[in-house]
>>> print(open('final_6.json').read())   # JSON, C-alpha atoms
[["chain", "number", "residue", "atom", "x", "y", "z"],
["J", 1, "MET", "CA", 7.45, 13.71, 30.08],
["J", 2, "GLU", "CA", 6.59, 10.06, 29.46],
["J", 3, "ILE", "CA", 7.54, 8.12, 26.33],
["J", 4, "SER", "CA", 5.39, 5.15, 25.42],
["J", 5, "LEU", "CA", 6.54, 2.62, 22.82],
["J", 6, "ASP", "CA", 3.65, 0.55, 21.51],
["J", 7, "MET", "CA", 4.05, -2.19, 18.96],
["J", 8, "ILE", "CA", 2.18, -1.81, 15.67],
["J", 9, "LYS", "CA", 0.14, -4.97, 15.13],
["J", 10, "ASP", "CA", -1.95, -4.03, 12.09],
["J", 11, "LYS", "CA", -1.50, -1.39, 9.42],
["J", 12, "VAL", "CA", -3.46, -0.58, 6.25],
["J", 13, "GLU", "CA", -2.01, 1.46, 3.38],
["J", 14, "CYS", "CA", -3.68, 2.71, 0.20],
["J", 15, "LEU", "CA", -1.77, 3.42, -3.01],
["J", 16, "GLN", "CA", -2.80, 4.88, -6.38],
["J", 17, "ALA", "CA", -1.07, 5.32, -9.73],
["J", 18, "TYR", "CA", -1.98, 5.93, -13.36],
["J", 19, "ASP", "CA", 0.62, 3.39, -14.50],
["J", 20, "PHE", "CA", 0.52, -0.25, -13.34],
["J", 21, "GLN", "CA", 4.34, -0.54, -13.22],
["J", 22, "GLU", "CA", 4.47, 2.57, -11.02],
["J", 23, "LEU", "CA", 1.94, 0.98, -8.67],
["J", 24, "GLU", "CA", 4.06, -2.21, -8.54],
["J", 25, "ARG", "CA", 7.15, -0.17, -7.62],
["J", 26, "ALA", "CA", 5.20, 1.63, -4.88],
["J", 27, "ILE", "CA", 3.94, -1.70, -3.51],
["J", 28, "ASP", "CA", 7.47, -3.14, -3.45],
["J", 29, "GLU", "CA", 8.74, -0.01, -1.69],
["J", 30, "ARG", "CA", 6.00, -0.18, 0.98],
["J", 31, "ILE", "CA", 6.70, -3.89, 1.55],
["J", 32, "GLY", "CA", 10.37, -3.07, 2.20],
["J", 33, "VAL", "CA", 9.53, -0.24, 4.60],
["J", 34, "ASN", "CA", 7.06, -2.36, 6.55],
["J", 35, "LYS", "CA", 9.44, -5.32, 6.61],
["J", 36, "ALA", "CA", 11.82, -3.06, 8.56],
["J", 37, "LEU", "CA", 8.96, -2.55, 11.05],
["J", 38, "LEU", "CA", 8.62, -6.37, 11.31],
["J", 39, "LEU", "CA", 5.27, -6.33, 9.51],
["J", 40, "ARG", "CA", 4.36, -8.82, 6.78],
["J", 41, "VAL", "CA", 1.77, -8.59, 4.03],
["J", 42, "LYS", "CA", -1.48, -10.24, 5.02],
["J", 43, "LEU", "CA", -3.69, -9.08, 2.14],
["J", 44, "VAL", "CA", -3.40, -7.06, -1.06],
["J", 45, "GLN", "CA", -6.44, -5.90, -3.02],
["J", 46, "HIS", "CA", -6.29, -4.22, -6.43],
["J", 47, "GLN", "CA", -8.86, -2.20, -8.30],
["J", 48, "VAL", "CA", -8.90, -0.50, -11.68],
["J", 49, "THR", "CA", -11.19, 2.38, -12.60],
["J", 50, "PHE", "CA", -11.41, 4.76, -15.50],
["J", 51, "ASP", "CA", -10.70, 8.42, -14.74],
["J", 52, "PRO", "CA", -12.79, 10.41, -17.25],
["J", 53, "ILE", "CA", -11.10, 13.70, -16.37],
["J", 54, "ARG", "CA", -7.60, 12.44, -17.31],
["J", 55, "ASN", "CA", -8.92, 9.89, -19.80],
["J", 56, "LYS", "CA", -6.73, 7.22, -18.19],
["J", 57, "MET", "CA", -7.05, 4.09, -16.12],
["J", 58, "LEU", "CA", -6.46, 4.58, -12.38],
["J", 59, "TYR", "CA", -4.91, 1.63, -10.56],
["J", 60, "SER", "CA", -5.33, 1.42, -6.80],
["J", 61, "SER", "CA", -4.23, -1.00, -4.13],
["J", 62, "VAL", "CA", -5.09, -1.55, -0.47],
["J", 63, "MET", "CA", -2.46, -3.40, 1.54],
["J", 64, "HIS", "CA", -3.00, -4.90, 4.98],
["J", 65, "PHE", "CA", 0.18, -5.50, 6.98],
["J", 66, "THR", "CA", 0.29, -7.49, 10.21],
["J", 67, "VAL", "CA", 2.88, -8.58, 12.75],
["J", 68, "ASP", "CA", 4.48, -12.03, 12.23]]
>>> encode(input="final_6.json", output="structure tokens")
Amino acid sequence: MEISLDMIKDKVECLQAYDFQELERAIDERIGVNKALLLRVKLVQHQVTFDPIRNKMLYSSVMHFTVD
């Protein structure tokens, strides 16, 4: 059995929440987790859409992490 340890150089994560403060908490949590993997935030994109089924705004974020 062979174990291969490759370094993560780029990582993209998508997050969604119906409350903007909840999305902020999730973003902060993901930044902390990826900081432990020695990844830094390169780009964050936000989008807001209306969800007609729940009659609420849906906040989403795409985060691109990269190695320092």
>>> residues_around(input="final_6.json", residues="range 24-36 of chain J", least_positions_apart="3", cutoff="10 Å", atoms="all atoms listed in the file", output="number ranges by chain")
J: 11, 13-17, 19-21, 39-41, 44, 59, 61-63, 65-67
>>> write_last_selection(input="final_6.json", atoms="C-alpha atoms", output="JSON list (two decimals), in the coordinates of the input")
[["chain", "number", "residue", "atom", "x", "y", "z"],
["J", 11, "LYS", "CA", -1.50, -1.39, 9.42],
["J", 13, "GLU", "CA", -2.01, 1.46, 3.38],
["J", 14, "CYS", "CA", -3.68, 2.71, 0.20],
["J", 15, "LEU", "CA", -1.77, 3.42, -3.01],
["J", 16, "GLN", "CA", -2.80, 4.88, -6.38],
["J", 17, "ALA", "CA", -1.07, 5.32, -9.73],
["J", 19, "ASP", "CA", 0.62, 3.39, -14.50],
["J", 20, "PHE", "CA", 0.52, -0.25, -13.34],
["J", 21, "GLN", "CA", 4.34, -0.54, -13.22],
["J", 39, "LEU", "CA", 5.27, -6.33, 9.51],
["J", 40, "ARG", "CA", 4.36, -8.82, 6.78],
["J", 41, "VAL", "CA", 1.77, -8.59, 4.03],
["J", 44, "VAL", "CA", -3.40, -7.06, -1.06],
["J", 59, "TYR", "CA", -4.91, 1.63, -10.56],
["J", 61, "SER", "CA", -4.23, -1.00, -4.13],
["J", 62, "VAL", "CA", -5.09, -1.55, -0.47],
["J", 63, "MET", "CA", -2.46, -3.40, 1.54],
["J", 65, "PHE", "CA", 0.18, -5.50, 6.98],
["J", 66, "THR", "CA", 0.29, -7.49, 10.21],
["J", 67, "VAL", "CA", 2.88, -8.58, 12.75]]
>>> atom_distance(input="final_6.json", atom1="CA of Leu38 in chain J", atom2="CA of Ser4 in chain J")
18.5 Å
>>> closest_residue(input="final_6.json", among="J:Tyr18, J:Met1, J:Asp68, J:Ser60", to="Lys42 in chain J", atoms="all atoms listed in the file")
J:Asp68
>>> atom_distance(input="final_6.json", atom1="CA of Leu43 in chain J", atom2="CA of His64 in chain J")
5.1 Å
>>> atom_distance(input="final_6.json", atom1="CA of Thr49 in chain J", atom2="CA of Asp10 in chain J")
27.1 Å
